[in-house]
Amino acid sequence: MTNDPIIKINSLSKTFAGSSEPAVRGISLDIEKEEIFGLLGPNGAGKTTMISILCGLYPPSHGKVTIDGMSLNGNLDKIKQIIGVVPQDIALYQMLSARENLSFYGHMYGLSGKSLKDKIELWLNNFGLTDAGNNRLSTYSGGMKRRVNLIAGILHEPKILFLDEPTVGVDVQSRNVIIDHLKELNRAGTTVVYTSHHMDEAESFCSRVAIIDNGKIIVEGSPQQLIAKNEGCTNLEAVFLHLTKRKLRD
């Protein structure tokens with residue numbers, strides 16, 4: 001049994017074509033098995049780029065990523081089988097129902113038959129969507145779409161779940177339901193890597209966080225450690241503003 005980090009990032013950089021400045025600058029980071037790890041930072045700090053690289057959407061310009069003992073370079077197909085991805089943008093078909101969307105995504109992950117149907121019904125029930133499951137997504141509220149978006153990423157019971165702003169723009173009730181079920185998934189063994197602008201949510205949800213600015217990690221640790229280390233800060237939001245300053249980021 002190995003105690004190696006489930007995600008190991010060494011000197012990772014990414015510069016997009018046409019840009020003179022890297023979006024990610026030489027980041028090294030270990031993420032342990034079964035933790036809830038938060039990537040926090042202002043707009044444009046590099047959070048989504050980091051998540052996208054870890055999911056295999058963008059190749060890194062430099063550096064190395066190892067996921068569950070497999071190098072991202074050369075093992076992407078195997079890695080995709082053990083990860084779930086919940087993007088910031090709603091990745092669903094608006095003219096299909098929730099059940100149709102989830103059936104489509106389940107088949108993409110290799111699920112089928114009664115097993116897939118049972119998983120869909122279980123999660124629709126967990127997220128309070130059973131009665132609306134046959135309605136088109138275009139009729140759903142923002143919170144309902146977010147919940148279906150999340151289900152699409154967890155149907156195949158991934159070992160690692162990547163979440164990019166999973167509660168952005170939703171009502172308090174939907175937000176609490178989403179977070180509660182993510183905590184349950186984590187307790188069942190899923191490693192969660194998560195980005196958010198909700199500092200209060202990250203403070204209570206994450207076991208450890210890294211604050212990123214200008215493509216670099218400026219600090220990492222548990223929320224409680226970071227609060228204790230920054231004099232005058234009583235919560236994670238105060239730490240965040242202290243370290244990233246108050247200048248607006250657009």
# chains A, B, ... in the order shown; residues from 1 in each chain; ligands from 1
$ residues_around --residues "range 149-158 of chain A" --least-positions-apart "2" --cutoff "9 Å" --atoms "only C-alpha atoms" --output "JSON, numbers by chain"
{"A": [81, 82, 83, 84, 85, 86, 87, 89, 90, 91, 92, 101, 102, 103, 105, 106, 109, 110, 111, 116, 119, 120, 123, 124, 127, 144, 145, 146, 147, 160, 161, 162, 163, 166, 178, 185, 190, 191]}
$ select_by_dssp --residues "range 66-147 of chain A" --states "strand (DSSP E or B)" --output "list of chain:residue names"
A:Thr66, A:Ile67, A:Met70, A:Ser71, A:Ile83, A:Gly84, A:Val85, A:Val86, A:Ser97, A:Arg136
$ write_last_selection --atoms "N, CA and C atoms" --output "CSV table (one decimal), in the first residue's frame"
chain,number,residue,atom,x,y,z
A,66,THR,N,1.6,13.7,-12.3
A,66,THR,CA,1.3,12.3,-12.1
A,66,THR,C,0.0,12.2,-11.3
A,67,ILE,N,-0.9,11.4,-11.9
A,67,ILE,CA,-2.2,11.2,-11.2
A,67,ILE,C,-2.4,9.7,-10.9
A,70,MET,N,0.2,7.5,-12.4
A,70,MET,CA,0.4,7.5,-13.8
A,70,MET,C,0.7,8.9,-14.3
A,71,SER,N,1.7,8.9,-15.2
A,71,SER,CA,2.1,10.2,-15.8
A,71,SER,C,1.0,10.7,-16.7
A,83,ILE,N,-11.2,9.8,-13.3
A,83,ILE,CA,-11.6,11.1,-12.8
A,83,ILE,C,-13.0,11.5,-13.3
A,84,GLY,N,-13.5,12.5,-12.5
A,84,GLY,CA,-14.8,13.1,-12.9
A,84,GLY,C,-14.5,14.6,-13.0
A,85,VAL,N,-15.2,15.2,-13.9
A,85,VAL,CA,-15.0,16.7,-14.2
A,85,VAL,C,-16.4,17.4,-14.1
A,86,VAL,N,-16.5,18.4,-13.3
A,86,VAL,CA,-17.7,19.3,-13.3
A,86,VAL,C,-17.2,20.7,-13.7
A,97,SER,N,-33.9,16.1,-21.6
A,97,SER,CA,-34.3,16.1,-20.1
A,97,SER,C,-33.1,15.7,-19.3
A,136,ARG,N,-37.3,19.1,-19.9
A,136,ARG,CA,-36.1,19.6,-20.6
A,136,ARG,C,-35.3,20.5,-19.7
$ select_by_dssp --residues "range 7-166 of chain A" --states "alpha helix (DSSP H)" --output "NGL selection string"
:A and (47-54 or 76-80 or 98-108 or 113-126 or 142-154)
$ closest_atom_pairs --of "range 151-223 of chain A" --to "range 3-22 of chain A" --cutoff "10 Å" --atoms "only C-alpha atoms" --output "Markdown table"
| residue | atom | partner | partner_atom | distance |
| --- | --- | --- | --- | --- |
| A:Lys159 | CA | A:Ile6 | CA | 9.5 |
| A:Ile160 | CA | A:Ile6 | CA | 8.5 |
| A:Thr191 | CA | A:Ile6 | CA | 8.2 |
| A:Val193 | CA | A:Ile7 | CA | 9.9 |
| A:Asn214 | CA | A:Pro22 | CA | 8.6 |
| A:Gly215 | CA | A:Pro22 | CA | 7.2 |
| A:Lys216 | CA | A:Ser13 | CA | 9.4 |
$ residues_around --residues "His242 in chain A" --least-positions-apart "2" --cutoff "12 Å" --atoms "only C-alpha atoms" --output "PDB file with N, CA and C atoms, in the first residue's frame"
ATOM      1  N   ILE A 211      -3.651  29.232  -2.384  1.00  0.00           N
ATOM      2  CA  ILE A 211      -4.071  30.497  -2.980  1.00  0.00           C
ATOM      3  C   ILE A 211      -3.116  30.813  -4.121  1.00  0.00           C
ATOM      4  N   ILE A 218       0.956  31.300  -3.861  1.00  0.00           N
ATOM      5  CA  ILE A 218       1.570  32.228  -2.911  1.00  0.00           C
ATOM      6  C   ILE A 218       1.510  31.703  -1.482  1.00  0.00           C
ATOM      7  N   VAL A 219       0.613  30.735  -1.222  1.00  0.00           N
ATOM      8  CA  VAL A 219       0.555  30.121   0.104  1.00  0.00           C
ATOM      9  C   VAL A 219      -0.297  28.862   0.018  1.00  0.00           C
ATOM     10  N   LEU A 226      -3.734  28.892   7.778  1.00  0.00           N
ATOM     11  CA  LEU A 226      -3.532  30.164   7.085  1.00  0.00           C
ATOM     12  C   LEU A 226      -4.106  31.327   7.887  1.00  0.00           C
ATOM     13  N   ILE A 227      -5.244  31.106   8.523  1.00  0.00           N
ATOM     14  CA  ILE A 227      -5.838  32.158   9.368  1.00  0.00           C
ATOM     15  C   ILE A 227      -4.905  32.456  10.548  1.00  0.00           C
ATOM     16  N   LYS A 229      -1.685  32.045  10.766  1.00  0.00           N
ATOM     17  CA  LYS A 229      -0.391  32.600  10.361  1.00  0.00           C
ATOM     18  C   LYS A 229      -0.466  34.060   9.921  1.00  0.00           C
ATOM     19  N   ASN A 230      -1.662  34.551   9.622  1.00  0.00           N
ATOM     20  CA  ASN A 230      -1.803  35.912   9.113  1.00  0.00           C
ATOM     21  C   ASN A 230      -2.458  36.783  10.178  1.00  0.00           C
ATOM     22  N   GLU A 231      -1.640  37.573  10.839  1.00  0.00           N
ATOM     23  CA  GLU A 231      -2.078  38.381  11.972  1.00  0.00           C
ATOM     24  C   GLU A 231      -3.213  39.319  11.585  1.00  0.00           C
ATOM     25  N   GLY A 232      -4.221  39.358  12.420  1.00  0.00           N
ATOM     26  CA  GLY A 232      -5.356  40.237  12.183  1.00  0.00           C
ATOM     27  C   GLY A 232      -6.436  39.627  11.318  1.00  0.00           C
ATOM     28  N   CYS A 233      -6.200  38.424  10.768  1.00  0.00           N
ATOM     29  CA  CYS A 233      -7.186  37.757   9.912  1.00  0.00           C
ATOM     30  C   CYS A 233      -8.001  36.758  10.739  1.00  0.00           C
ATOM     31  N   THR A 234      -9.301  36.889  10.675  1.00  0.00           N
ATOM     32  CA  THR A 234     -10.170  36.018  11.464  1.00  0.00           C
ATOM     33  C   THR A 234     -10.891  34.977  10.615  1.00  0.00           C
ATOM     34  N   ASN A 235     -10.751  35.057   9.307  1.00  0.00           N
ATOM     35  CA  ASN A 235     -11.363  34.065   8.432  1.00  0.00           C
ATOM     36  C   ASN A 235     -10.560  33.978   7.130  1.00  0.00           C
ATOM     37  N   LEU A 236     -10.923  33.011   6.279  1.00  0.00           N
ATOM     38  CA  LEU A 236     -10.159  32.775   5.057  1.00  0.00           C
ATOM     39  C   LEU A 236     -10.298  33.926   4.061  1.00  0.00           C
ATOM     40  N   GLU A 237     -11.453  34.571   4.047  1.00  0.00           N
ATOM     41  CA  GLU A 237     -11.631  35.713   3.146  1.00  0.00           C
ATOM     42  C   GLU A 237     -10.660  36.842   3.494  1.00  0.00           C
ATOM     43  N   ALA A 238     -10.455  37.080   4.776  1.00  0.00           N
ATOM     44  CA  ALA A 238      -9.517  38.111   5.208  1.00  0.00           C
ATOM     45  C   ALA A 238      -8.088  37.744   4.796  1.00  0.00           C
ATOM     46  N   VAL A 239      -7.742  36.467   4.922  1.00  0.00           N
ATOM     47  CA  VAL A 239      -6.418  36.001   4.481  1.00  0.00           C
ATOM     48  C   VAL A 239      -6.263  36.218   2.979  1.00  0.00           C
ATOM     49  N   PHE A 240      -7.294  35.836   2.237  1.00  0.00           N
ATOM     50  CA  PHE A 240      -7.275  35.969   0.776  1.00  0.00           C
ATOM     51  C   PHE A 240      -7.058  37.422   0.353  1.00  0.00           C
ATOM     52  N   THR A 244      -3.759  38.712  -1.629  1.00  0.00           N
ATOM     53  CA  THR A 244      -3.933  39.047  -3.044  1.00  0.00           C
ATOM     54  C   THR A 244      -4.235  40.536  -3.263  1.00  0.00           C
ATOM     55  N   LYS A 245      -4.421  41.263  -2.155  1.00  0.00           N
ATOM     56  CA  LYS A 245      -4.724  42.709  -2.163  1.00  0.00           C
ATOM     57  C   LYS A 245      -6.143  42.937  -2.705  1.00  0.00           C
ATOM     58  N   ARG A 246      -6.568  44.186  -2.641  1.00  0.00           N
ATOM     59  CA  ARG A 246      -7.962  44.505  -2.948  1.00  0.00           C
ATOM     60  C   ARG A 246      -8.183  45.075  -4.346  1.00  0.00           C
ATOM     61  N   LYS A 247      -7.128  45.116  -5.143  1.00  0.00           N
ATOM     62  CA  LYS A 247      -7.275  45.644  -6.504  1.00  0.00           C
ATOM     63  C   LYS A 247      -8.238  44.763  -7.292  1.00  0.00           C
TER      64      LYS A 247
END
$ residues_around --residues "Lys47 in chain A" --least-positions-apart "3" --cutoff "8 Å" --atoms "only C-alpha atoms" --output "VMD selection string"
chain A and resid 39 to 41 44 50 to 51 195 212 215
$ closest_residue --among "A:Ala202, A:Ile79, A:Ile53, A:Leu129" --to "Val177 in chain A" --atoms "only C-alpha atoms"
A:Leu129
$ atom_distance --atom1 "CA of Asn176 in chain A" --atom2 "CA of Ala98 in chain A"
20.4 Å
$ closest_residue --among "A:Leu182, A:Phe37, A:Leu137, A:Thr49" --to "Ser222 in chain A" --atoms "only C-alpha atoms"
A:Phe37
$ closest_residue --among "A:Lys33, A:Glu100, A:Asp131, A:Asp164" --to "Ser52 in chain A" --atoms "only C-alpha atoms"
A:Asp164
